[in-house]
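Each remark here refers to the structure printed beneath this line.
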Amino acid sequence: MDTNSGSLQLPNIAEPPKSRILSVDILRGIIMIIMALDHTRDFFSNYKGDPLDFQHASIIMFFTRWITHYCAPVFVFLSGTSAFLSLSRGKTKNQASWLLFSRGVWLIILEFTIIRLGWTFNFDYHFEIGKPMISPVIRAIA
């Protein structure tokens, strides 16, 4: 209560958080579904050839593999868009930087533990020259 005027003053109520942009979430979800279908194709089909080989692959097999070449760049673009939107919605640069840094660290930790175990079924970290690294995509996004 304000003693000078005798009236009750309400505390400042912060604005409710702004809602998410549905189109960004829908596009990100579609990309994740397409990538999940592509990455699990070998487990659920008996097709062992190159999906980009017109002579042996079906149209659907070709399309599901071809479209994934666009998924990763769009997903990374949406990550940058989300960072921009978080800044435009009131986060400070320090808050946004900390969020992006900590998210990147978690992605790298997950890759060297859970994802590596899922791909190789071991924690052998010996790298050979000329041998491709497992899942460099997550390190690129991180």
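FYI, nothing fancy with the structure tokens labels: chains A, B, ... in order, residues from 1 per chain, ligands from 1 as they appear.
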Which residues of region 41-101 of chain A come within 8 Å of region 19-37 of chain A, and what is each one's closest atom pair and distance in Å (one decimal), counting only C-alpha atoms, sorted by chain and residue number, as a tab-separated table?
```
residue	atom	partner	partner_atom	distance
A:Arg41	CA	A:Leu37	CA	5.9
A:Thr64	CA	A:Ile34	CA	7.3
A:Thr68	CA	A:Met35	CA	6.3
A:Cys71	CA	A:Ile31	CA	5.7
A:Phe75	CA	A:Arg28	CA	6.5
A:Leu78	CA	A:Val24	CA	7.2
```
Go ahead and write the residues just picked, N, CA, C and O atoms, as a JSON list (two decimals), in the first residue's frame.
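For reference, again-v5.json as written:
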```json
[["chain", "number", "residue", "atom", "x", "y", "z"],
["A", 41, "ARG", "N", 16.09, -46.93, -42.47],
["A", 41, "ARG", "CA", 15.71, -47.69, -43.67],
["A", 41, "ARG", "C", 16.41, -49.05, -43.71],
["A", 41, "ARG", "O", 15.81, -50.06, -44.04],
["A", 64, "THR", "N", 13.45, -40.68, -50.84],
["A", 64, "THR", "CA", 13.72, -40.56, -49.41],
["A", 64, "THR", "C", 15.20, -40.32, -49.13],
["A", 64, "THR", "O", 15.54, -39.65, -48.16],
["A", 68, "THR", "N", 17.01, -36.11, -48.13],
["A", 68, "THR", "CA", 17.80, -35.92, -46.91],
["A", 68, "THR", "C", 19.01, -35.02, -47.13],
["A", 68, "THR", "O", 19.55, -34.48, -46.17],
["A", 71, "CYS", "N", 17.83, -31.83, -45.82],
["A", 71, "CYS", "CA", 17.35, -31.77, -44.44],
["A", 71, "CYS", "C", 18.37, -31.18, -43.47],
["A", 71, "CYS", "O", 18.03, -30.31, -42.67],
["A", 75, "PHE", "N", 17.87, -27.88, -41.23],
["A", 75, "PHE", "CA", 17.85, -28.03, -39.78],
["A", 75, "PHE", "C", 18.85, -27.07, -39.12],
["A", 75, "PHE", "O", 18.53, -26.43, -38.11],
["A", 78, "LEU", "N", 17.44, -23.60, -39.34],
["A", 78, "LEU", "CA", 16.40, -23.38, -38.33],
["A", 78, "LEU", "C", 17.00, -23.20, -36.94],
["A", 78, "LEU", "O", 16.44, -22.48, -36.11]]
```
* Shell around Ala83 (chain A) at 10 Å using only C-alpha atoms, local window under 4 positions removed, as a PyMOL selection string -> chain A and resi 77-79+87-88+91+93+96-97+99-100
Please produce a file of those selected residues containing C-alpha atoms, as an mmCIF file, in the first residue's frame.
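Result file is part00.cif:
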```
data_model
loop_
_atom_site.group_PDB
_atom_site.id
_atom_site.type_symbol
_atom_site.label_atom_id
_atom_site.label_comp_id
_atom_site.auth_asym_id
_atom_site.auth_seq_id
_atom_site.Cartn_x
_atom_site.Cartn_y
_atom_site.Cartn_z
ATOM 1 C CA PHE A 77 19.362 -22.937 -40.680
ATOM 2 C CA LEU A 78 16.402 -23.382 -38.332
ATOM 3 C CA SER A 79 18.792 -23.623 -35.385
ATOM 4 C CA LEU A 87 17.404 -12.696 -29.074
ATOM 5 C CA SER A 88 14.527 -10.783 -30.614
ATOM 6 C CA LYS A 91 17.075 -12.784 -24.192
ATOM 7 C CA LYS A 93 23.397 -12.058 -25.766
ATOM 8 C CA ALA A 96 21.586 -16.853 -25.668
ATOM 9 C CA SER A 97 25.332 -17.561 -25.879
ATOM 10 C CA LEU A 99 22.212 -21.629 -24.002
ATOM 11 C CA LEU A 100 23.875 -22.338 -27.368
#
```
* To do: Would you list the contacts of region 42-56 of chain A as a PyMOL selection string, taking every protein, DNA or RNA residue within 8 Å and counting only C-alpha atoms, but skipping same-chain residues closer than 5 positions in sequence?
  => chain A and resi 61-62+65-66
* Asked: Can you list every residue in region 35-66 of chain A that DSSP puts in alpha helix (DSSP H), as a PyMOL selection string?
  -> chain A and resi 35-44+59-66
* State, in Å with one decimal place, the distance from CA of Leu110 (chain A) to CA of Ser86 (chain A). =>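 These two atoms are separated by 24.1 Å.
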